[in-house]
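Everything below belongs to upload-v2.pdb, which stores PDB, C-alpha atoms.
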```
MODEL        1
ATOM      1  CA  MET A   1      -3.153  11.400  -8.048
ATOM      2  CA  LYS A   2      -5.861   8.991  -6.966
ATOM      3  CA  LEU A   3      -5.376   6.675  -3.983
ATOM      4  CA  ILE A   4      -7.398   3.817  -2.526
ATOM      5  CA  ILE A   5      -7.151   3.177   1.193
ATOM      6  CA  GLY A   6      -8.446   0.273   3.221
ATOM      7  CA  ASN A   7      -8.233  -0.692   6.847
ATOM      8  CA  ASP A   8      -9.545  -3.103   9.405
ATOM      9  CA  HIS A   9     -10.870  -2.236  12.868
ATOM     10  CA  LYS A  10      -7.374  -1.716  14.295
ATOM     11  CA  GLY A  11      -6.480   0.765  11.559
ATOM     12  CA  THR A  12      -9.504   3.046  11.857
ATOM     13  CA  GLN A  13      -7.923   5.881  13.826
ATOM     14  CA  LEU A  14      -4.750   6.124  11.742
ATOM     15  CA  LYS A  15      -6.702   5.726   8.482
ATOM     16  CA  ASN A  16      -9.013   8.624   9.324
ATOM     17  CA  LYS A  17      -6.036  10.894  10.015
ATOM     18  CA  VAL A  18      -4.270   9.745   6.843
ATOM     19  CA  VAL A  19      -7.355  10.322   4.679
ATOM     20  CA  SER A  20      -7.725  13.877   6.050
ATOM     21  CA  PHE A  21      -4.028  14.549   5.477
ATOM     22  CA  LEU A  22      -4.115  13.236   1.907
ATOM     23  CA  LYS A  23      -7.249  15.153   0.966
ATOM     24  CA  ALA A  24      -5.823  18.352   2.471
ATOM     25  CA  ASN A  25      -2.785  17.846   0.228
ATOM     26  CA  GLY A  26      -4.803  17.528  -2.955
ATOM     27  CA  TYR A  27      -5.025  13.765  -3.356
ATOM     28  CA  ASP A  28      -8.227  12.120  -4.531
ATOM     29  CA  VAL A  29      -8.907   9.371  -1.973
ATOM     30  CA  ILE A  30     -11.281   6.427  -2.179
ATOM     31  CA  ASP A  31     -11.864   5.172   1.368
ATOM     32  CA  LEU A  32     -12.848   1.504   1.423
ATOM     33  CA  GLY A  33     -12.032   0.967   5.077
ATOM     34  CA  VAL A  34     -14.157   0.637   8.154
ATOM     35  CA  ASN A  35     -14.933   3.531  10.450
ATOM     36  CA  GLU A  36     -15.609   1.669  13.644
ATOM     37  CA  GLU A  37     -13.488  -0.498  15.869
ATOM     38  CA  MET A  38     -15.679  -3.607  15.816
ATOM     39  CA  SER A  39     -13.671  -6.609  14.614
ATOM     40  CA  VAL A  40     -13.669  -7.265  10.841
ATOM     41  CA  ASP A  41     -11.701  -9.574   8.563
ATOM     42  CA  TYR A  42      -8.783  -7.677   7.007
ATOM     43  CA  PRO A  43      -8.437  -9.823   3.827
ATOM     44  CA  LYS A  44     -11.752  -8.472   2.545
ATOM     45  CA  TYR A  45     -10.390  -4.918   2.582
ATOM     46  CA  ALA A  46      -7.014  -5.882   1.125
ATOM     47  CA  PHE A  47      -8.748  -7.646  -1.772
ATOM     48  CA  GLU A  48     -11.154  -4.751  -2.407
ATOM     49  CA  VAL A  49      -8.327  -2.207  -2.524
ATOM     50  CA  THR A  50      -6.060  -4.314  -4.721
ATOM     51  CA  ASN A  51      -8.776  -5.306  -7.179
ATOM     52  CA  MET A  52      -9.836  -1.677  -7.615
ATOM     53  CA  LEU A  53      -6.202  -0.704  -8.081
ATOM     54  CA  LEU A  54      -5.704  -3.361 -10.750
ATOM     55  CA  SER A  55      -8.794  -2.143 -12.589
ATOM     56  CA  SER A  56      -7.061   1.253 -12.916
ATOM     57  CA  GLN A  57      -9.372   3.060 -10.516
ATOM     58  CA  ALA A  58      -6.386   4.529  -8.660
ATOM     59  CA  ASP A  59      -2.641   5.027  -8.883
ATOM     60  CA  PHE A  60      -1.673   3.448  -5.546
ATOM     61  CA  GLY A  61      -3.192   1.650  -2.584
ATOM     62  CA  ILE A  62      -2.645   2.047   1.147
ATOM     63  CA  LEU A  63      -3.606  -0.632   3.677
ATOM     64  CA  ILE A  64      -3.630  -0.341   7.465
ATOM     65  CA  CYS A  65      -4.174  -3.061  10.042
ATOM     66  CA  GLY A  66      -2.855  -3.822  13.518
ATOM     67  CA  THR A  67       0.633  -4.865  12.414
ATOM     68  CA  GLY A  68       0.373  -4.346   8.662
ATOM     69  CA  ILE A  69       1.446  -7.954   8.236
ATOM     70  CA  GLY A  70      -1.968  -9.465   7.539
ATOM     71  CA  MET A  71      -2.892  -6.805   5.009
ATOM     72  CA  SER A  72       0.435  -7.162   3.196
ATOM     73  CA  ILE A  73       0.150 -10.949   3.041
ATOM     74  CA  ALA A  74      -3.402 -10.781   1.690
ATOM     75  CA  ALA A  75      -2.558  -8.041  -0.823
ATOM     76  CA  ASN A  76       0.430  -9.941  -2.152
ATOM     77  CA  LYS A  77      -1.791 -12.926  -2.956
ATOM     78  CA  VAL A  78      -3.367 -10.809  -5.713
ATOM     79  CA  LYS A  79      -1.593 -11.199  -9.053
ATOM     80  CA  GLY A  80      -0.004  -7.915 -10.105
ATOM     81  CA  ILE A  81       0.251  -6.458  -6.626
ATOM     82  CA  ARG A  82       3.562  -5.603  -5.009
ATOM     83  CA  CYS A  83       2.653  -4.560  -1.485
ATOM     84  CA  ALA A  84       5.376  -3.385   0.879
ATOM     85  CA  LEU A  85       4.983  -3.354   4.641
ATOM     86  CA  VAL A  86       6.996  -0.300   5.609
ATOM     87  CA  HIS A  87       8.129   1.056   8.978
ATOM     88  CA  ASN A  88      10.257   4.053   7.933
ATOM     89  CA  ALA A  89      10.692   6.565   5.128
ATOM     90  CA  LYS A  90      13.908   5.012   3.790
ATOM     91  CA  ASP A  91      12.246   1.639   3.228
ATOM     92  CA  SER A  92       9.262   3.429   1.716
ATOM     93  CA  ALA A  93      11.530   5.006  -0.887
ATOM     94  CA  LEU A  94      13.255   1.702  -1.609
ATOM     95  CA  ALA A  95       9.929  -0.095  -1.997
ATOM     96  CA  ARG A  96       9.084   2.261  -4.847
ATOM     97  CA  LYS A  97      12.559   2.760  -6.288
ATOM     98  CA  HIS A  98      13.650  -0.900  -6.349
ATOM     99  CA  ASN A  99      10.408  -2.892  -6.287
ATOM    100  CA  ASP A 100       7.931  -0.578  -8.000
ATOM    101  CA  ALA A 101       5.555  -1.276  -5.097
ATOM    102  CA  ASN A 102       1.993  -0.277  -5.903
ATOM    103  CA  VAL A 103       0.533  -0.791  -2.433
ATOM    104  CA  LEU A 104       1.827   0.440   0.902
ATOM    105  CA  ALA A 105       0.964  -1.421   4.115
ATOM    106  CA  LEU A 106       1.243   0.242   7.519
ATOM    107  CA  SER A 107       0.844  -0.859  11.091
ATOM    108  CA  SER A 108      -1.833   0.973  13.034
ATOM    109  CA  LYS A 109       0.841   1.470  15.692
ATOM    110  CA  THR A 110       2.736   3.817  13.338
ATOM    111  CA  SER A 111       2.598   7.364  14.645
ATOM    112  CA  PHE A 112       0.701   9.784  12.448
ATOM    113  CA  ILE A 113       3.831  11.944  12.051
ATOM    114  CA  LEU A 114       5.828   8.954  10.799
ATOM    115  CA  ALA A 115       2.934   7.714   8.642
ATOM    116  CA  LYS A 116       2.851  11.087   6.868
ATOM    117  CA  LYS A 117       6.591  10.828   6.115
ATOM    118  CA  ILE A 118       6.296   7.232   4.914
ATOM    119  CA  ILE A 119       3.308   7.959   2.668
ATOM    120  CA  THR A 120       4.724  11.190   1.266
ATOM    121  CA  THR A 121       8.009   9.450   0.474
ATOM    122  CA  PHE A 122       6.200   6.522  -1.142
ATOM    123  CA  LEU A 123       4.069   8.770  -3.335
ATOM    124  CA  ASN A 124       6.955  11.031  -4.345
ATOM    125  CA  THR A 125       9.446   8.281  -5.224
ATOM    126  CA  SER A 126       9.571   6.895  -8.737
ATOM    127  CA  PHE A 127      10.645   3.449  -9.845
ATOM    128  CA  SER A 128      14.317   3.516 -10.850
ATOM    129  CA  ASN A 129      13.817   1.613 -14.121
ATOM    130  CA  GLU A 130      17.252   0.072 -13.564
ATOM    131  CA  GLU A 131      17.674  -3.145 -15.504
ATOM    132  CA  ARG A 132      18.433  -5.250 -12.410
ATOM    133  CA  HIS A 133      15.182  -4.131 -10.768
ATOM    134  CA  ILE A 134      13.167  -4.613 -13.938
ATOM    135  CA  ASN A 135      14.584  -8.137 -14.244
ATOM    136  CA  ARG A 136      13.607  -8.973 -10.667
ATOM    137  CA  ILE A 137      10.089  -7.674 -11.089
ATOM    138  CA  ASN A 138       9.777  -9.634 -14.326
ATOM    139  CA  MET A 139      10.843 -12.775 -12.445
ATOM    140  CA  ILE A 140       7.961 -12.203 -10.041
ATOM    141  CA  LYS A 141       5.532 -11.621 -12.905
ATOM    142  CA  GLU A 142       6.675 -14.837 -14.614
ATOM    143  CA  TYR A 143       6.187 -16.797 -11.419
ATOM    144  CA  GLU A 144       2.693 -15.335 -11.014
ATOM    145  CA  LYS A 145       1.750 -16.588 -14.485
ATOM    146  CA  ASP A 146       2.644 -20.159 -13.515
ATOM    147  CA  ALA A 147       1.093 -20.078 -10.054
TER     148      ALA A 147
ENDMDL
END
```
Written as structure tokens, that's how I'd like the structure from this file.
Amino acid sequence: MKLIIGNDHKGTQLKNKVVSFLKANGYDVIDLGVNEEMSVDYPKYAFEVTNMLLSSQADFGILICGTGIGMSIAANKVKGIRCALVHNAKDSALARKHNDANVLALSSKTSFILAKKIITTFLNTSFSNEERHINRINMIKEYEKDA
């Protein structure tokens, strides 16, 4: 499975740990994030990750910033992206199972132990394909066409 990860200056430390963890577990990782803690603009990284994801260069995206909020807002501005800001493994599973989320956003304040659980759950959970969830996702897609 191929993943694309991006981060801003606040997410550098967690991103580096996550990339090492993912690579050690056999994932192919494209790291588009920064590696220093000098202030950068997070939308740039959210847009790079999501555009590469939409061009089929990876299976999923992961974004990390100070709160995860900015990255998730920016990512969700990109047509075809369903980015979920997640704080626990249960919500990570539901983001995939119910919303077919294709991007995961994390706060840099998330502990590495918890981040591993959230990411592993996200990557190992499939979309349910239940009609009610398909209908809801299709509603979002229809709205995106008109926006």
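Proximity ranking of A:Ile81, A:Asp41, A:Ala74, A:Arg96 relative to Ser128 (chain A) places A:Arg96 first, based on all atoms listed in the file.
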So which one's closest to Gln13 (chain A), A:Asn99, A:Gly68, A:Thr110, A:Asn25? Using only C-alpha atoms, please. A:Thr110
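For the pair CA of Val103 (chain A) and CA of Asn135 (chain A), the interatomic distance is 19.8 Å.
Closest approach to Ala93 (chain A) among A:His133, A:Leu22, A:Ser72, A:Ile119 is made by A:Ile119 (distances from only C-alpha atoms).
The gap separating CA of Leu85 (chain A) from CA of Arg136 (chain A) is 18.4 Å, in Å to one decimal.
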Could you spell out the hits of the PyMOL selection byres ((chain A and resi 35) around 9) on the shown file, as a ChimeraX atom specification? /A:7-9,11-13,15-16,33-34,36-38
Store the residues of this selection in a file with C-alpha atoms, as a tab-separated table (two decimals), in the coordinates of the input.
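Contents of again37.tsv, freshly written:
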```tsv
chain	number	residue	atom	x	y	z
A	7	ASN	CA	-8.23	-0.69	6.85
A	8	ASP	CA	-9.54	-3.10	9.40
A	9	HIS	CA	-10.87	-2.24	12.87
A	11	GLY	CA	-6.48	0.76	11.56
A	12	THR	CA	-9.50	3.05	11.86
A	13	GLN	CA	-7.92	5.88	13.83
A	15	LYS	CA	-6.70	5.73	8.48
A	16	ASN	CA	-9.01	8.62	9.32
A	33	GLY	CA	-12.03	0.97	5.08
A	34	VAL	CA	-14.16	0.64	8.15
A	36	GLU	CA	-15.61	1.67	13.64
A	37	GLU	CA	-13.49	-0.50	15.87
A	38	MET	CA	-15.68	-3.61	15.82
```
Determine the nearest neighbour of Ala58 (chain A) from the options A:Tyr27, A:Lys2, A:Ser111, A:Leu94, counting all atoms listed in the file. A:Lys2
